[in-house]
Structure formats: structure tokens, C-alpha cells
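Asker: I'm passing along protein_12.txt; it holds compact mmCIF, C-alpha atoms.
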# COMPACT_ATOMS: atom_id res chain seq x y z
CA MET G 900 50.48 -3.37 25.30
CA ILE G 901 50.38 -2.45 21.59
CA ASN G 902 52.63 0.35 20.44
CA LEU G 903 50.52 2.72 18.33
CA ASN G 904 53.43 5.01 17.39
CA LEU G 905 53.41 3.65 13.85
CA THR G 906 55.61 5.00 11.13
CA ARG G 907 53.90 6.19 7.96
CA PRO G 908 54.85 3.08 5.89
CA THR G 909 53.65 0.79 8.68
CA LEU G 910 50.37 2.67 9.01
CA SER G 911 49.83 2.56 5.25
CA SER G 912 50.47 -1.17 5.24
CA LEU G 913 48.02 -1.69 8.10
CA LEU G 914 45.32 0.36 6.38
CA ALA G 915 45.83 -1.60 3.17
CA PHE G 916 45.49 -4.86 5.09
CA LEU G 917 42.32 -3.66 6.82
CA PHE G 918 40.82 -2.57 3.50
CA PHE G 919 41.63 -6.00 2.02
CA ALA G 920 40.15 -7.78 5.04
CA LEU G 921 36.97 -5.76 4.94
CA SER G 922 36.63 -6.27 1.21
CA PHE G 923 37.19 -9.99 1.59
CA ASN G 924 34.63 -10.19 4.39
CA THR G 925 32.04 -8.30 2.34
CA ASN G 926 32.61 -10.54 -0.65
CA ALA G 927 32.41 -13.62 1.53
CA GLN G 928 29.11 -12.45 2.98
CA MET G 929 27.66 -11.88 -0.47
CA GLN G 930 28.86 -15.30 -1.58
CA SER G 931 27.31 -16.89 1.49
CA ASN G 932 24.00 -15.26 0.57
CA PRO G 933 24.06 -15.33 -3.25
CA GLN G 934 20.36 -14.46 -3.54
CA LYS G 935 20.59 -11.15 -1.70
CA ASP G 936 22.37 -9.31 -4.50
CA LYS G 937 19.71 -10.49 -6.95
CA ALA G 938 16.84 -8.88 -5.04
CA GLU G 939 15.51 -5.80 -6.79
CA PHE G 940 16.50 -3.36 -4.04
CA TYR G 941 20.13 -4.35 -4.56
CA SER G 942 20.13 -4.89 -8.32
CA GLY G 943 17.74 -2.16 -9.46
CA VAL G 944 16.47 -4.61 -12.09
CA TYR G 945 12.77 -5.46 -11.95
CA ARG G 946 11.49 -8.72 -13.35
CA ASN G 947 8.91 -8.56 -16.15
CA VAL G 948 7.08 -11.88 -15.87
CA PHE G 949 4.63 -10.99 -18.64
CA LYS G 950 7.55 -10.59 -21.03
CA GLU G 951 8.92 -13.94 -19.90
CA ALA G 952 5.48 -15.38 -20.70
CA GLY G 953 5.82 -14.22 -24.30
CA TYR G 954 3.94 -10.92 -24.40
CA SER G 955 5.55 -7.94 -26.10
CA GLN G 956 6.48 -4.79 -24.20
CA SER G 957 3.99 -2.74 -26.20
CA GLU G 958 1.22 -5.20 -25.33
CA ILE G 959 2.20 -5.07 -21.65
CA ASP G 960 2.30 -1.27 -21.60
CA LYS G 961 -1.14 -1.10 -23.22
CA LYS G 962 -2.55 -3.62 -20.71
CA VAL G 963 -1.40 -1.53 -17.73
CA GLU G 964 -2.46 1.75 -19.36
CA LYS G 965 -5.94 0.42 -20.06
CA ALA G 966 -6.38 -0.82 -16.50
CA TYR G 967 -5.33 2.59 -15.18
CA ALA G 968 -7.67 4.37 -17.59
CA ASP G 969 -10.57 2.09 -16.60
CA LEU G 970 -10.13 2.90 -12.90
CA PHE G 971 -9.16 6.56 -13.10
CA GLU G 972 -10.78 7.90 -16.27
CA GLY G 973 -13.42 5.57 -17.75
CA PRO G 974 -17.19 5.32 -17.30
CA ASN G 975 -16.75 2.77 -14.49
CA ARG G 976 -13.97 4.74 -12.77
CA ILE G 977 -13.47 4.77 -9.03
CA TYR G 978 -11.48 8.04 -9.05
CA PHE G 979 -13.45 11.29 -8.87
CA GLU G 980 -12.00 14.78 -9.08
CA VAL G 981 -13.30 17.52 -6.78
CA GLY G 982 -12.75 21.11 -7.86
CA ASP G 983 -9.38 22.20 -9.14
CA SER G 984 -7.09 20.43 -6.71
CA MET G 985 -8.65 17.40 -5.00
CA ALA G 986 -9.95 13.91 -5.80
CA TYR G 987 -10.97 10.73 -4.01
CA VAL G 988 -11.15 6.99 -4.68
CA SER G 989 -14.48 5.37 -3.82
CA ASP G 990 -15.54 1.86 -2.87
CA ILE G 991 -18.65 2.36 -4.96
CA LYS G 992 -20.50 -0.79 -3.86
CA ASN G 993 -20.20 0.30 -0.21
CA HIS G 994 -20.87 3.99 -0.93
CA ASP G 995 -17.78 5.26 0.84
CA ALA G 996 -14.21 6.42 0.43
CA ARG G 997 -11.78 4.66 2.72
CA THR G 998 -8.12 5.04 3.56
CA GLU G 999 -7.46 1.64 1.98
CA GLY G 1000 -8.53 2.78 -1.50
CA LEU G 1001 -7.24 6.34 -1.16
CA SER G 1002 -3.78 5.14 -0.22
CA TYR G 1003 -3.86 2.48 -2.95
CA GLY G 1004 -4.75 5.17 -5.47
CA MET G 1005 -1.76 7.22 -4.30
CA MET G 1006 0.56 4.22 -4.61
CA ILE G 1007 -0.63 3.57 -8.16
CA ALA G 1008 -0.17 7.26 -8.99
CA VAL G 1009 3.38 7.52 -7.64
CA GLN G 1010 4.42 4.26 -9.30
CA LEU G 1011 3.05 5.34 -12.69
CA ASN G 1012 4.29 8.94 -12.29
CA LYS G 1013 0.81 10.50 -12.14
CA LYS G 1014 1.69 13.45 -9.90
CA ASP G 1015 -1.56 15.37 -10.34
CA ALA G 1016 -3.69 12.39 -9.30
CA PHE G 1017 -1.40 11.69 -6.33
CA ASP G 1018 -1.54 15.29 -5.10
CA ARG G 1019 -5.30 15.51 -5.52
CA ILE G 1020 -5.97 12.35 -3.50
CA TRP G 1021 -3.56 13.42 -0.76
CA ARG G 1022 -5.11 16.88 -0.42
CA TRP G 1023 -8.62 15.39 -0.18
CA SER G 1024 -7.52 12.74 2.35
CA LYS G 1025 -5.71 15.30 4.47
CA LYS G 1026 -8.60 17.76 4.44
CA TYR G 1027 -11.48 15.41 5.12
CA LEU G 1028 -10.01 12.40 6.94
CA GLN G 1029 -6.83 13.36 8.79
CA HIS G 1030 -7.31 14.34 12.43
CA GLN G 1031 -5.63 17.66 13.14
CA GLU G 1032 -5.82 17.54 16.93
CA GLY G 1033 -6.63 15.36 19.92
CA PRO G 1034 -5.43 11.83 20.73
CA ARG G 1035 -5.81 10.76 17.08
CA GLU G 1036 -3.82 13.71 15.70
CA ALA G 1037 -2.23 12.88 12.29
CA TYR G 1038 -4.12 9.58 12.03
CA PHE G 1039 -7.05 9.22 9.60
CA ALA G 1040 -10.71 8.36 9.95
CA TRP G 1041 -10.88 5.19 7.88
CA SER G 1042 -14.22 5.72 6.11
CA ILE G 1043 -16.39 8.61 4.91
CA ASN G 1044 -19.50 8.97 2.76
CA PRO G 1045 -18.36 11.26 -0.08
CA ALA G 1046 -21.96 12.20 -0.90
CA THR G 1047 -22.72 13.59 2.57
CA MET G 1048 -19.12 14.07 3.80
CA LYS G 1049 -20.15 12.35 7.02
CA LYS G 1050 -17.49 10.10 8.52
CA ASN G 1051 -18.59 6.52 9.09
CA SER G 1052 -15.95 6.20 11.78
CA GLU G 1053 -13.47 8.48 13.50
CA GLY G 1054 -11.09 5.56 14.09
CA SER G 1055 -8.25 4.38 11.88
CA ALA G 1056 -7.52 1.15 10.03
CA SER G 1057 -3.78 0.64 10.42
CA ASP G 1058 -3.15 -0.43 6.84
CA GLY G 1059 -4.29 2.96 5.54
CA GLU G 1060 -1.59 4.81 7.46
CA LEU G 1061 0.94 2.11 6.50
CA TYR G 1062 0.30 2.85 2.82
CA PHE G 1063 0.03 6.64 3.22
CA ILE G 1064 3.48 6.80 4.84
CA THR G 1065 5.08 4.64 2.16
CA ASP G 1066 3.29 6.56 -0.62
CA LEU G 1067 4.61 9.86 0.71
CA LEU G 1068 8.19 8.60 1.10
CA PHE G 1069 8.13 7.37 -2.49
CA ALA G 1070 6.64 10.68 -3.67
CA SER G 1071 9.42 12.55 -1.87
CA ASN G 1072 11.98 10.38 -3.62
CA ARG G 1073 10.35 10.76 -7.03
CA TRP G 1074 9.29 14.41 -7.14
CA GLY G 1075 11.19 16.11 -4.34
CA ASN G 1076 9.50 18.29 -1.72
CA ASN G 1077 9.40 21.70 -3.39
CA SER G 1078 6.52 21.41 -5.84
CA GLY G 1079 3.63 22.36 -3.56
CA ILE G 1080 3.60 19.47 -1.09
CA ASN G 1081 6.43 18.55 1.25
CA TYR G 1082 5.84 14.80 0.98
CA TYR G 1083 8.63 13.87 3.36
CA ALA G 1084 7.33 16.24 6.06
CA GLU G 1085 3.84 14.79 5.68
CA ALA G 1086 5.18 11.24 6.07
CA ARG G 1087 7.22 12.24 9.09
CA ARG G 1088 4.24 13.96 10.65
CA ILE G 1089 2.32 10.66 10.70
CA LEU G 1090 5.34 8.69 11.91
CA ASP G 1091 6.33 11.18 14.60
CA ALA G 1092 2.75 11.37 15.87
CA MET G 1093 2.56 7.56 15.84
CA TRP G 1094 5.49 7.31 18.22
CA LYS G 1095 3.81 9.66 20.70
CA LYS G 1096 0.66 7.55 20.98
CA ASP G 1097 1.06 5.52 24.13
CA GLY G 1098 -2.54 4.64 24.98
CA THR G 1099 -3.62 8.12 26.03
CA GLY G 1100 -7.24 8.45 24.98
CA ASN G 1101 -7.12 4.72 24.14
CA ILE G 1102 -5.03 5.48 21.02
CA TYR G 1103 -1.81 3.59 20.31
CA ASN G 1104 1.06 3.20 17.87
CA LEU G 1105 0.04 1.64 14.53
CA ILE G 1106 2.50 -1.12 15.40
CA ASN G 1107 2.08 -3.09 18.60
CA VAL G 1108 5.49 -2.20 20.00
CA GLU G 1109 5.68 -5.27 22.25
CA HIS G 1110 4.95 -7.76 19.46
CA LYS G 1111 6.46 -5.63 16.64
CA GLN G 1112 3.42 -6.38 14.51
CA ILE G 1113 0.91 -4.05 12.91
CA SER G 1114 -2.35 -3.74 14.81
CA PHE G 1115 -5.78 -4.26 13.30
CA VAL G 1116 -6.70 -0.80 14.53
CA PRO G 1117 -4.48 1.41 16.72
CA GLU G 1118 -7.00 1.81 19.52
CA GLY G 1119 -8.72 -0.18 22.21
CA LYS G 1120 -8.70 -3.97 21.93
CA GLY G 1121 -7.92 -3.71 18.21
CA TYR G 1122 -4.34 -2.95 19.22
CA GLU G 1123 -4.00 -6.52 20.52
CA TRP G 1124 -4.52 -8.48 17.29
CA THR G 1125 -3.75 -8.20 13.60
CA ASP G 1126 -4.74 -8.83 10.00
CA PRO G 1127 -2.25 -10.93 7.95
CA SER G 1128 -2.94 -8.82 4.86
CA TYR G 1129 -1.62 -5.76 6.72
CA HIS G 1130 1.80 -7.43 7.02
CA LEU G 1131 4.04 -5.77 4.45
CA PRO G 1132 7.64 -6.44 5.45
CA ALA G 1133 8.84 -4.66 2.30
CA PHE G 1134 7.24 -1.40 3.48
CA TYR G 1135 9.05 -1.55 6.82
CA GLU G 1136 12.31 -1.95 4.91
CA ILE G 1137 11.41 1.20 2.96
CA TRP G 1138 10.75 3.08 6.21
CA ALA G 1139 14.09 1.92 7.60
CA GLN G 1140 15.79 3.18 4.46
CA TYR G 1141 14.06 6.51 3.86
CA ALA G 1142 12.09 7.70 6.91
CA LYS G 1143 15.24 8.68 8.84
CA ASP G 1144 13.30 9.12 12.07
CA GLY G 1145 15.70 7.22 14.31
CA HIS G 1146 13.64 4.00 14.36
CA ASP G 1147 15.27 2.22 11.42
CA GLN G 1148 16.33 -0.85 13.41
CA PHE G 1149 12.87 -1.20 14.90
CA TYR G 1150 11.37 -1.15 11.41
CA ARG G 1151 13.81 -3.81 10.22
CA ASP G 1152 12.90 -5.90 13.25
CA CYS G 1153 9.22 -5.49 12.33
CA ALA G 1154 9.98 -6.67 8.78
CA ASP G 1155 11.66 -9.80 10.11
CA THR G 1156 8.85 -10.35 12.62
CA SER G 1157 6.26 -10.12 9.86
CA ARG G 1158 8.13 -12.71 7.82
CA VAL G 1159 8.12 -15.12 10.76
CA PHE G 1160 4.48 -14.31 11.49
CA LEU G 1161 3.48 -15.21 7.92
CA HIS G 1162 5.14 -18.61 8.34
CA ARG G 1163 2.75 -19.25 11.22
CA ALA G 1164 -0.33 -17.65 9.70
CA CYS G 1165 -0.28 -19.47 6.34
CA HIS G 1166 -1.51 -23.07 6.25
CA PRO G 1167 1.34 -25.58 5.78
CA VAL G 1168 -0.46 -27.37 2.92
CA THR G 1169 -2.66 -24.84 1.12
CA GLY G 1170 -0.85 -21.59 1.94
CA LEU G 1171 -4.19 -19.98 2.85
CA ASN G 1172 -4.64 -17.85 5.97
CA PHE G 1173 -7.41 -16.47 8.16
CA ASP G 1174 -8.53 -12.88 7.53
CA TYR G 1175 -7.94 -11.92 11.17
CA THR G 1176 -5.49 -13.48 13.59
CA GLU G 1177 -3.81 -13.16 16.93
CA PHE G 1178 -0.15 -12.15 16.84
CA SER G 1179 0.58 -15.88 17.08
CA GLY G 1180 -1.09 -16.48 13.71
CA LYS G 1181 -4.02 -18.31 15.27
CA PRO G 1182 -7.49 -17.16 14.16
CA HIS G 1183 -9.00 -14.16 15.89
CA PRO G 1184 -12.74 -14.58 16.43
CA ALA G 1185 -14.44 -11.53 14.94
CA PRO G 1186 -18.02 -10.92 16.15
CA TRP G 1187 -19.26 -10.06 12.66
CA MET G 1188 -18.19 -13.31 10.91
CA PRO G 1189 -16.50 -16.68 11.52
CA ALA G 1190 -12.79 -16.89 10.78
CA ALA G 1191 -11.82 -17.95 7.25
CA PHE G 1192 -9.81 -16.97 4.17
CA ARG G 1193 -11.84 -14.14 2.60
CA TYR G 1194 -11.43 -10.82 0.80
CA ASP G 1195 -8.73 -9.27 3.01
CA SER G 1196 -6.63 -12.40 2.60
CA TRP G 1197 -6.39 -12.06 -1.18
CA ARG G 1198 -3.67 -9.46 -0.58
CA VAL G 1199 -1.32 -11.81 1.27
CA PRO G 1200 0.29 -13.52 -1.76
CA MET G 1201 0.82 -10.13 -3.40
CA ASN G 1202 2.47 -8.75 -0.25
CA ILE G 1203 4.74 -11.78 0.12
CA ALA G 1204 5.67 -11.62 -3.57
CA MET G 1205 6.61 -7.95 -3.18
CA ASP G 1206 8.91 -8.72 -0.26
CA TYR G 1207 10.46 -11.62 -2.18
CA ALA G 1208 11.14 -9.52 -5.27
CA TRP G 1209 12.29 -6.35 -3.53
CA PHE G 1210 14.42 -7.67 -0.66
CA GLY G 1211 14.82 -11.44 -0.98
CA LYS G 1212 15.45 -12.09 2.70
CA ASP G 1213 13.15 -15.12 3.06
CA LYS G 1214 13.40 -16.71 -0.36
CA SER G 1215 13.32 -20.39 0.55
CA TRP G 1216 10.09 -20.22 2.55
CA GLN G 1217 8.47 -17.78 0.11
CA GLU G 1218 9.21 -20.01 -2.89
CA ASN G 1219 7.71 -22.97 -1.05
CA TYR G 1220 4.68 -20.86 -0.10
CA ALA G 1221 4.09 -19.99 -3.76
CA LEU G 1222 4.21 -23.65 -4.77
CA ARG G 1223 1.78 -24.61 -2.02
CA LEU G 1224 -0.70 -21.82 -2.73
CA GLN G 1225 -0.73 -22.16 -6.51
CA GLY G 1226 -0.69 -25.95 -6.23
CA PHE G 1227 -3.79 -25.89 -4.05
CA LEU G 1228 -5.62 -23.43 -6.30
CA LYS G 1229 -4.76 -25.44 -9.39
CA SER G 1230 -6.18 -28.54 -7.69
CA GLN G 1231 -9.43 -26.58 -7.36
CA GLY G 1232 -9.34 -25.68 -11.05
CA LEU G 1233 -7.34 -22.85 -12.59
CA GLU G 1234 -10.52 -21.37 -14.06
CA SER G 1235 -12.81 -22.17 -11.15
CA PHE G 1236 -11.10 -21.78 -7.75
CA VAL G 1237 -13.22 -19.59 -5.49
CA ASP G 1238 -12.61 -16.54 -3.32
CA GLN G 1239 -13.39 -17.87 0.19
CA TYR G 1240 -12.05 -20.99 1.91
CA ASN G 1241 -11.28 -22.42 5.27
CA PRO G 1242 -7.47 -22.38 5.41
CA GLU G 1243 -7.32 -26.17 5.15
CA GLY G 1244 -9.05 -25.84 1.77
CA THR G 1245 -12.68 -26.67 2.53
CA GLU G 1246 -15.70 -24.49 1.83
CA PRO G 1247 -16.63 -22.22 4.76
CA ASP G 1248 -20.09 -22.58 6.31
CA PHE G 1249 -20.58 -18.80 6.24
CA ILE G 1250 -20.16 -16.98 2.93
CA LEU G 1251 -19.40 -13.28 3.31
CA GLN G 1252 -21.54 -11.16 1.00
CA ALA G 1253 -20.21 -8.45 -1.29
CA GLY G 1254 -22.26 -5.86 -3.13
CA GLY G 1255 -25.53 -7.54 -2.18
CA PHE G 1256 -24.43 -10.96 -3.46
CA GLN G 1257 -23.73 -13.79 -1.03
CA LYS G 1258 -22.02 -16.43 -3.13
CA LEU G 1259 -18.67 -17.94 -3.92
CA ARG G 1260 -17.19 -16.85 -7.21
CA HIS G 1261 -13.98 -16.99 -9.23
CA SER G 1262 -13.11 -13.41 -8.35
CA LEU G 1263 -10.85 -11.29 -10.51
CA GLY G 1264 -9.12 -9.80 -7.47
CA PHE G 1265 -7.95 -13.20 -6.22
CA VAL G 1266 -7.16 -14.41 -9.74
CA ALA G 1267 -4.87 -11.36 -9.92
CA THR G 1268 -3.08 -11.67 -6.60
CA SER G 1269 -2.62 -15.43 -6.92
CA ALA G 1270 -0.79 -14.72 -10.18
CA THR G 1271 1.71 -12.48 -8.39
CA ALA G 1272 2.92 -15.59 -6.56
CA SER G 1273 4.55 -16.51 -9.88
CA LEU G 1274 7.23 -13.95 -8.99
CA MET G 1275 8.31 -16.52 -6.37
CA ASN G 1276 7.59 -19.68 -8.34
CA GLN G 1277 10.89 -21.07 -9.56
CA ASP G 1278 9.44 -23.92 -11.64
CA LYS G 1279 8.68 -21.39 -14.42
CA ASN G 1280 5.05 -22.48 -14.62
CA LEU G 1281 3.25 -19.37 -15.86
CA ASP G 1282 -0.31 -20.72 -16.06
CA PHE G 1283 -1.52 -18.21 -13.47
CA VAL G 1284 0.18 -15.37 -15.34
CA HIS G 1285 -1.60 -16.30 -18.57
CA ALA G 1286 -4.89 -16.62 -16.65
CA LEU G 1287 -4.49 -13.07 -15.34
CA TRP G 1288 -3.55 -11.77 -18.78
CA ASN G 1289 -6.77 -13.23 -20.22
CA ALA G 1290 -8.98 -12.02 -17.35
CA LYS G 1291 -11.14 -8.94 -17.81
CA LEU G 1292 -12.36 -6.19 -15.51
CA GLU G 1293 -16.03 -6.43 -16.40
CA PRO G 1294 -19.37 -7.44 -14.82
CA TYR G 1295 -19.86 -11.08 -13.93
CA SER G 1296 -22.60 -13.11 -15.56
CA ASP G 1297 -24.97 -12.44 -12.63
CA GLY G 1298 -24.44 -8.67 -12.86
CA TYR G 1299 -22.04 -8.29 -9.94
CA PHE G 1300 -19.25 -5.80 -10.68
CA ASP G 1301 -16.57 -4.44 -8.37
CA PRO G 1302 -14.17 -2.08 -10.14
CA TYR G 1303 -12.95 -0.96 -6.70
CA TYR G 1304 -11.47 -4.01 -4.95
CA ASP G 1305 -11.30 -6.37 -7.91
CA GLY G 1306 -10.02 -3.48 -10.00
CA LEU G 1307 -7.32 -2.33 -7.60
CA MET G 1308 -6.03 -5.87 -7.03
CA TYR G 1309 -6.05 -6.35 -10.81
CA LEU G 1310 -4.03 -3.18 -11.52
CA PHE G 1311 -1.60 -3.77 -8.65
CA SER G 1312 -0.95 -7.30 -9.93
CA LEU G 1313 -0.42 -6.14 -13.52
CA MET G 1314 2.13 -3.65 -12.19
CA HIS G 1315 3.95 -6.27 -10.12
CA LEU G 1316 4.16 -8.78 -12.95
CA SER G 1317 5.28 -6.19 -15.51
CA GLY G 1318 8.07 -4.76 -13.34
CA LYS G 1319 6.23 -1.44 -12.98
CA TYR G 1320 5.77 -1.66 -9.17
CA GLN G 1321 9.18 -0.56 -7.94
CA ILE G 1322 11.17 0.82 -5.03
CA ILE G 1323 11.35 4.52 -5.85
CA THR G 1324 14.77 5.77 -4.85
CA PRO G 1325 15.75 9.43 -4.36
CA ARG G 1326 16.40 11.45 -7.48
Take the structure in this file and express it as C-alpha cells.
Answerer:
Amino acid sequence: MINLNLTRPTLSSLLAFLFFALSFNTNAQMQSNPQKDKAEFYSGVYRNVFKEAGYSQSEIDKKVEKAYADLFEGPNRIYFEVGDSMAYVSDIKNHDARTEGLSYGMMIAVQLNKKDAFDRIWRWSKKYLQHQEGPREAYFAWSINPATMKKNSEGSASDGELYFITDLLFASNRWGNNSGINYYAEARRILDAMWKKDGTGNIYNLINVEHKQISFVPEGKGYEWTDPSYHLPAFYEIWAQYAKDGHDQFYRDCADTSRVFLHRACHPVTGLNFDYTEFSGKPHPAPWMPAAFRYDSWRVPMNIAMDYAWFGKDKSWQENYALRLQGFLKSQGLESFVDQYNPEGTEPDFILQAGGFQKLRHSLGFVATSATASLMNQDKNLDFVHALWNAKLEPYSDGYFDPYYDGLMYLFSLMHLSGKYQIITPR
């Protein structure tokens, strides 16, 4: 039996020893994982790959500012103000506003400190798309026609809520909660409602709680499969850090599960993935098109690069993934690789149309996101970065033009590669 009646000098000595032991253990852990302290969450230093590629800071700033102005202010903008206090982002070619683009617009706004644009988009989304009662309460209808204000669907696409929650947590950290919108309360409302959805009315958690993976849609059979481009382990880490809703360990588990899932979902040679998959990573047969790497999948390299840069918990695999993906695309031609493939690298039999055009093209959106993989590429080859720098958001030679999806992927990628897409910590 240990005698705990310690004299003051003995107690002081013991506390000093414990402090030393804990300090030694912490240092040993950091030394055993030397990459962790270099990740941006821990260092607070964000890599500017464009600067490494030889571009000046003023050139980089102007490039990002022009892209923002093109999308939010110019003649081909996708952002439209409504009255004195609201605005929406529109997928113009599909004649709708969807939670994908609205939440992307909010993320761009909070990252670039555009509070008015952020608040306007949130107010519009909350008023016209967020369900205020019933089984879907606090979730959002994923698509609406802004001309008629008729919803195209009452159901949700899980990635929209995933972004909305993260947007609002970042806004709370950046601007506080006393300037007209309580951003934290709005984020918590979605999260708290999410945890109450247990299948009643056929509506579920955004995250399949058994598999700890985001669902394609949080209702019906859509709860039982996923979309690899919805897997954003970095966002779960943000929730674990800032949501403070008592589910932080679950969110960290989801982040780790997503990392393992992406190992399975991405082809071992090309790095490409199917648009829709089972939780195992195997293709999910969608009735509207055969499985392949298509538009949704463009986001995967950008999402993996974000997790690599921000948290650095899967560096070895992610660096190898970047080499595989960029190596395959370079083998197809840096200026000519296309936007749809079978994951093994062959041309798919079915080409998904976009904007009335059914053809393969060297799409700006995929040029952009493939360049973000350079954040993970340790061989310092910046060919993809230069290719993105020289790319332009303009109509293609056949007249096709998509300032919405191409444009958003382009601006997101410019932000990532310039160090302007950051973890926003509390003031």
C-alpha cells in the first residue's frame, strides 16, 4: 500500500518528475510523428504553391481577386443579389440554385472575408430551402428554380449540409455571433437536428452512423451508399474542434474512416474513383448512368489535398495518391487529359452530358482540382500548377461555358494553392 501522506518537498519533487515525464512523452510523440507538427492546423502556416512556382504575391492576389470578381460581380457571374439582404448562387446551365453552390459560395465568402455576401447567401438559403418543421426540420431542399421559386426536390444532398455546417462554424470563428446572425447557433441547429433523425419519416442522420460515412442523401435507400467526393475528413476534424456538441470523438472517427475509405475507392494505379460507391468503395450502380469517374469525382483530389495540408494524418498514402493521379493524367497529356474516365483509365462507353453537350473535354474544373494535388506532391514538379495558372475561365471553342462548376472548382483551387483556403480559428 502506498503512503500518500507526502511532505511538501516530496510532493513538489513528485510533481516536478511528473511534469518532466509528461513533457518527455509529448516530445517523444512529436518526434515519432515529425510530420504532424508541420500540418497547417498545428503550424498556422499555409503553403503558397504559386509563390514556390515563381509568381509574385501581387500577381497571385490579382489572380484570386479576378476569379472572385468574375463569379460574384462580372457579366458572367453566378451570384445574384435579391433585395437589400439576400443573394443566391445559381447553376446557370441547369437553371437552378442548389445547396452545393450556395454552400460553396458561403465558403468562398468566409475565406475571403466577404461578410455581406456570406450573410446574404445564408439568409436566402435559410428562407427558401431550409425546412422549418417535420421530419426534415433544419435540413435543406437541395435544388430550387430561382425564377419560379419552385423546389425541384424537398430532399437533401448530404454534401450541402456538410458545407453549410462548416461554413457557419468558420463564420462564427471569424466574425463572432453578435453582428446580426448567430452563426454558431445556426450550425448547431443543423447538427442537433441531425442527431435526432433516426429514420422517422424515412429521414436519417447525414452520416450513416453504423458505417461512419456520409450518406449520398439522408433518406430512404440513399442512406445506404455514398459519394467519394462528399468525403471531407478535414471538415469532420473542424467539427470535432469547434462544434462542441458532445460528438467530437465520433467526428474524428468519421475523419479516419473517410481516409481509409478513400484508400479503397481510389484506383491503385490511376488514382481515379467512381462517382458513386458503396461504403466499401465498390461502384454503386446508379439507374441514371453507368458507374465511372465523372464530374462529382473532380472534387476528390482537392478534398484529399485539403486534408493533407490541414491535418497531415495520412501523408504517406496521400503523397502516393498524388503521384499516381498526376502521373496518369500526364500520361494522357498535360494539355489534353479529359474529364471522364473509367477508373482504370479507359474511356467510358457512356459520356455524361453537361449544358447540352455530350462530349469529353479538357475541362477547367478538373484541370484546377488536379493541380491541387501538387500540395501533396513531394517531387516538386509544378507542371500542373503552371497549367492552372495559364488556364482561363472562358467559353470553350465549341461555345460551351460553365462559370458555375468549372468556375467554383477554379476559384477553390486558386485559393488552396495560394494559401488563402485556411482553417479559420476563433478570434
Asker: Pick out the closest residue to Ala1253 of chain G from this set: G:Tyr945, G:Trp1216, G:Tyr1194, G:Tyr967. Count all atoms listed in the file.
Answerer: G:Tyr1194
Asker: So, counting all atoms listed in the file, which residue among G:Ser957, G:Asn1101, G:Asn1044, G:Ser1273 is closest to Asn1219 of chain G?
Answerer: G:Ser1273
Asker: Calculated over only C-alpha atoms, which of the candidates G:Glu972, G:Glu1060, G:Asp1282, G:Asp1195 has the smallest distance to Gln1239 of chain G?
Answerer: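 Closest candidate: G:Asp1195.
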Asker: Between atom CA of Glu1136 of chain G and atom CA of His1162 of chain G, what is the spacing in Å?
Answerer: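 Rounded to one decimal, the two atoms are 18.5 Å apart.
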Asker: Find the residue from G:Ile1106, G:Val944, G:Met1188, G:Leu1313 that sits nearest to Tyr1150 of chain G; use all atoms listed in the file when measuring.
Answerer: G:Ile1106
Asker: Find the distance between atom CA of Ser1052 of chain G and atom CA of Met1201 of chain G and write it in Å to one decimal.
Answerer: 27.9 Å
Asker: I'd like the contact shell of Asn1289 of chain G - 12 Å cut-off, only C-alpha atoms, skipping same-chain residues fewer than 2 positions apart - returned as a list in words.
Answerer: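 So the residues in contact are Phe949, Tyr954, Lys962, Glu1234, Leu1263, Val1266, Ala1267, Ala1270, Asp1282, Phe1283, Val1284, His1285, Ala1286, Leu1287, Lys1291, Leu1292, Tyr1309 and Leu1313 of chain G.
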Asker: Under the rule that only C-alpha atoms are counted, which of G:Ile1250, G:Ile1113, G:Val1009, G:Met1093 is the nearest residue to Ser1071 of chain G?
Answerer: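 Smallest distance to Ser1071 of chain G is found for G:Val1009.
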Asker: Name the residues, using the chain letters and numbers of the file, that sit within 12 Å of (2.3, 21.1, -3.3) when counting all atoms listed in the file, and give them as an MDAnalysis selection string.
Answerer: chainID G and resid 984:985 1014:1015 1017:1019 1021:1022 1070:1071 1074:1085
